[in-house]
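Pasted below: structure-v2.txt, compact mmCIF, C-alpha atoms.
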# COMPACT_ATOMS: atom_id res chain seq x y z
CA MET A 242 -9.68 5.93 -19.37
CA GLY A 243 -7.29 6.08 -16.42
CA LYS A 244 -6.13 3.17 -14.28
CA ILE A 245 -4.87 2.60 -10.76
CA PHE A 246 -1.64 0.60 -10.68
CA TYR A 247 -1.90 -1.01 -7.27
CA LEU A 248 1.27 -2.28 -5.54
CA ILE A 249 0.26 -5.00 -3.11
CA GLY A 250 2.47 -6.67 -0.55
CA PRO A 251 3.10 -7.21 3.15
CA SER A 252 5.07 -4.79 5.29
CA ALA A 253 8.79 -4.57 4.46
CA SER A 254 8.26 -6.01 0.97
CA GLY A 255 9.69 -2.84 -0.57
CA LYS A 256 6.44 -1.22 -1.73
CA ASP A 257 7.39 2.31 -0.66
CA ARG A 258 10.80 2.21 -2.36
CA LEU A 259 9.33 0.64 -5.50
CA LEU A 260 6.56 3.24 -5.51
CA GLY A 261 9.14 6.03 -5.32
CA GLU A 262 11.16 4.65 -8.23
CA LEU A 263 8.06 4.03 -10.33
CA LYS A 264 6.95 7.63 -9.75
CA THR A 265 10.30 8.74 -11.18
CA ARG A 266 10.00 6.45 -14.22
CA PHE A 267 6.37 7.36 -14.87
CA PRO A 268 5.96 11.03 -13.93
CA GLN A 269 2.60 11.12 -15.71
CA LEU A 270 1.16 8.78 -13.05
CA ARG A 271 -0.24 10.49 -10.01
CA THR A 272 -0.04 9.03 -6.52
CA ILE A 273 -2.80 8.54 -4.03
CA VAL A 274 -1.92 9.54 -0.50
CA MET A 275 -3.72 7.39 2.06
CA TYR A 276 -4.99 8.50 5.43
CA THR A 277 -3.97 7.03 8.77
CA THR A 278 -4.68 7.51 12.44
CA ARG A 279 -1.30 6.05 13.47
CA PRO A 280 1.42 8.32 14.85
CA ILE A 281 3.87 9.81 12.39
CA ARG A 282 7.25 8.03 12.15
CA SER A 283 10.52 9.91 12.17
CA GLY A 284 11.39 11.05 8.66
CA GLU A 285 7.80 10.95 7.37
CA VAL A 286 6.38 14.11 5.85
CA PRO A 287 2.68 14.78 6.50
CA ASP A 288 0.54 14.72 3.34
CA VAL A 289 3.36 12.96 1.48
CA ALA A 290 3.71 9.61 3.26
CA TYR A 291 0.15 9.78 4.62
CA HIS A 292 -2.51 12.27 5.57
CA PHE A 293 -2.38 11.96 9.36
CA ILE A 294 -5.83 12.31 10.94
CA THR A 295 -7.43 11.55 14.28
CA ALA A 296 -9.78 8.65 14.90
CA GLU A 297 -12.60 11.19 15.27
CA GLU A 298 -11.79 12.75 11.89
CA PHE A 299 -11.83 9.29 10.28
CA GLN A 300 -15.24 8.52 11.79
CA ALA A 301 -16.57 11.80 10.37
CA GLU A 302 -15.30 10.82 6.88
CA LYS A 303 -16.92 7.40 7.24
CA ALA A 304 -20.22 8.96 8.30
CA ALA A 305 -20.05 11.24 5.25
CA GLY A 306 -19.66 8.19 2.94
CA ARG A 307 -16.21 9.15 1.65
CA VAL A 308 -14.35 5.92 2.55
CA ILE A 309 -13.20 3.93 -0.52
CA GLU A 310 -11.39 1.36 1.61
CA SER A 311 -10.21 1.08 5.20
CA ARG A 312 -8.77 -1.34 7.68
CA THR A 313 -8.05 -1.04 11.39
CA TYR A 314 -5.26 -2.90 13.16
CA GLN A 315 -5.29 -3.58 16.89
CA THR A 316 -1.68 -2.67 17.65
CA VAL A 317 0.23 -2.78 20.92
CA HIS A 318 -0.29 1.02 20.95
CA GLY A 319 -4.04 0.86 20.36
CA PRO A 320 -6.11 0.80 17.13
CA TRP A 321 -4.56 2.31 14.00
CA THR A 322 -6.73 2.86 10.93
CA TYR A 323 -5.48 3.19 7.35
CA ALA A 324 -7.86 4.36 4.62
CA THR A 325 -8.30 5.76 1.14
CA LEU A 326 -10.88 8.50 0.99
CA ASP A 327 -12.90 9.82 -1.90
CA ASP A 328 -11.56 13.32 -1.26
CA GLY A 329 -11.62 14.52 -4.88
CA ALA A 330 -7.98 13.62 -5.54
CA ILE A 331 -8.81 10.65 -7.82
CA ASP A 332 -10.09 11.43 -11.33
CA LEU A 333 -9.86 8.31 -13.50
CA GLU A 334 -11.42 10.09 -16.46
CA GLU A 335 -8.33 12.29 -16.76
CA HIS A 336 -5.43 10.51 -15.03
CA SER A 337 -3.82 7.21 -14.04
CA TYR A 338 -2.40 6.59 -10.58
CA LEU A 339 0.11 4.61 -8.53
CA MET A 340 -1.03 3.26 -5.18
CA ALA A 341 0.30 0.80 -2.60
CA GLY A 342 -1.49 -1.27 0.01
CA THR A 343 -2.56 -4.61 1.39
CA LEU A 344 -4.67 -7.43 -0.01
CA GLU A 345 -7.62 -6.10 1.96
CA SER A 346 -7.23 -2.53 0.69
CA TYR A 347 -6.71 -3.77 -2.86
CA GLY A 348 -9.89 -5.87 -2.66
CA GLN A 349 -11.98 -2.93 -1.46
CA THR A 350 -10.48 -0.59 -4.08
CA LEU A 351 -11.13 -3.20 -6.77
CA LYS A 352 -14.75 -3.44 -5.65
CA TYR A 353 -15.12 0.36 -5.61
CA TYR A 354 -13.60 1.03 -9.08
CA GLY A 355 -13.85 -2.30 -10.94
CA ALA A 356 -11.35 -4.70 -12.53
CA ASP A 357 -11.05 -2.64 -15.71
CA ARG A 358 -9.66 0.29 -13.69
CA VAL A 359 -7.38 -1.42 -11.12
CA VAL A 360 -4.18 -3.23 -12.19
CA PRO A 361 -2.69 -5.47 -9.47
CA LEU A 362 1.09 -5.48 -8.97
CA TYR A 363 1.68 -8.09 -6.26
CA VAL A 364 5.18 -7.90 -4.70
CA GLU A 365 6.58 -10.93 -2.87
CA VAL A 366 9.60 -11.28 -0.56
CA GLU A 367 10.84 -14.37 1.28
CA PRO A 368 9.61 -14.03 4.91
CA GLY A 369 13.08 -14.13 6.50
CA LEU A 370 14.30 -11.30 4.27
CA ARG A 371 11.14 -9.33 5.00
CA LEU A 372 11.70 -9.71 8.74
CA PHE A 373 15.33 -8.60 8.35
CA ARG A 374 14.21 -5.50 6.42
CA ALA A 375 11.51 -4.69 8.98
CA LEU A 376 14.01 -4.92 11.83
CA ALA A 377 16.51 -2.67 10.03
CA ARG A 378 13.78 -0.09 9.41
CA GLU A 379 12.58 -0.20 13.01
CA ARG A 380 16.11 0.13 14.41
CA SER A 381 16.50 3.38 12.45
CA GLN A 382 13.55 4.98 14.27
CA ALA A 383 14.16 7.45 17.11
CA GLU A 384 11.92 5.29 19.31
CA PRO A 385 11.80 1.76 17.88
CA LYS A 386 8.54 -0.14 18.44
CA TYR A 387 9.77 -3.74 18.22
CA ALA A 388 6.64 -5.32 19.69
CA GLU A 389 4.51 -3.60 17.04
CA MET A 390 6.96 -4.68 14.32
CA CYS A 391 6.60 -8.31 15.46
CA ARG A 392 2.80 -8.05 15.66
CA ARG A 393 2.66 -6.63 12.16
CA PHE A 394 4.92 -9.31 10.73
CA LEU A 395 2.82 -12.10 12.24
CA ALA A 396 -0.44 -10.43 11.16
CA ASP A 397 0.90 -10.14 7.59
CA GLU A 398 1.71 -13.85 7.54
CA GLU A 399 -2.02 -14.44 8.04
CA ASP A 400 -3.33 -11.49 6.01
CA PHE A 401 -1.23 -12.49 2.96
CA SER A 402 -1.72 -16.25 3.27
CA PRO A 403 -1.78 -18.28 0.04
CA GLU A 404 -5.52 -18.86 0.55
CA LYS A 405 -6.24 -15.14 0.73
CA GLN A 406 -4.02 -14.42 -2.27
CA ALA A 407 -5.79 -17.13 -4.29
CA ALA A 408 -9.11 -15.30 -3.94
CA PHE A 409 -7.86 -12.60 -6.32
CA HIS A 410 -6.36 -14.72 -9.13
CA PHE A 411 -3.37 -12.42 -9.70
CA PRO A 412 -2.16 -12.76 -13.30
CA ARG A 413 1.44 -12.33 -12.11
CA LYS A 414 3.53 -11.78 -8.97
CA TYR A 415 6.82 -9.89 -8.74
CA MET A 416 9.62 -11.25 -6.52
CA ASN A 417 11.55 -8.47 -4.78
CA ASP A 418 14.70 -10.32 -3.77
CA ASP A 419 16.61 -8.18 -6.28
CA PHE A 420 15.28 -4.62 -6.32
CA ASP A 421 16.42 -3.62 -9.83
CA THR A 422 14.99 -6.75 -11.44
CA CYS A 423 11.67 -6.35 -9.64
CA LEU A 424 11.51 -2.66 -10.56
CA GLY A 425 12.19 -3.45 -14.21
CA GLU A 426 9.48 -6.10 -14.36
CA LEU A 427 6.94 -3.79 -12.73
CA ALA A 428 7.87 -0.97 -15.12
CA ASP A 429 7.42 -3.31 -18.11
CA THR A 430 3.91 -4.22 -16.95
CA ILE A 431 2.92 -0.59 -16.42
CA GLU A 432 4.34 0.39 -19.82
CA LYS A 433 2.25 -2.30 -21.56
CA GLU A 434 -0.92 -1.31 -19.69
CA LEU A 435 -0.45 2.37 -20.62
CA GLN A 436 -0.24 1.63 -24.36

Go ahead and render the structure in this file as structure tokens.
Amino acid sequence: MGKIFYLIGPSASGKDRLLGELKTRFPQLRTIVMYTTRPIRSGEVPDVAYHFITAEEFQAEKAAGRVIESRTYQTVHGPWTYATLDDGAIDLEEHSYLMAGTLESYGQTLKYYGADRVVPLYVEVEPGLRLFRALARERSQAEPKYAEMCRRFLADEEDFSPEKQAAFHFPRKYMNDDFDTCLGELADTIEKELQ
């Protein structure tokens, strides 16, 4: 029976970098590429970072009943939706997967597949360090969107509040103030779950 190893954490907590390193350490794990209606960022590769779709295409998927989880953010640039679709790419009878997302997306995925199939890997970062990382990332963009970065940071403070985290009873959290240590601890957990 396959499992989904689900990296959870707010923006700029290092999920994407951790996901990349874990893919290298565990090549047998497949990744799940999410869908989004937000504009592509410089350096992102379509169908690798995300499947980029229009709002109309997302609504068609929703109407067809293929949405596993989704959330829409009211950004300073308009609504952006992120979603995981049941597009045939996930086969838990044959494979295990790596995935990254938010508390909300994790909760919906957990509900869709069940606790025996979804392993939470909650990544924490001190808020000041997270804000520093978010600013550095945004400054590297061809057209930085600082207002959106600030909106997202403040929204994450609410979306990842201790009260909302407590609803899931995470067996463990992984502090990402030292990347190599965090990566090693996550790899140890995945290794044990795969045995």

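Going from CA of Pro385 in chain A to CA of Ala290 in chain A covers 18.5 Å.
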
field: Å distance separating CA of Leu372 in chain A from CA of Gln315 in chain A, one decimal place
entry: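 Interatomic distance here is 19.8 Å.
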
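One finds CA of Leu248 in chain A at 23.0 Å from CA of Pro280 in chain A.
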
Excluding Ala253 in chain A and its own-chain neighbours fewer than 5 positions away, which residues fall within 10 Å of it when counting only C-alpha atoms? Please give them as a VMD selection string. chain A and resid 258 365 to 366 368 370 to 378 394

- Message: From the options A:Gly369, A:Pro361, A:Gly425, A:Gly243, which residue's atoms come nearest to Pro412 in chain A, counting only C-alpha atoms?
- Response: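 For Pro412 in chain A, the nearest of the candidates is A:Pro361.
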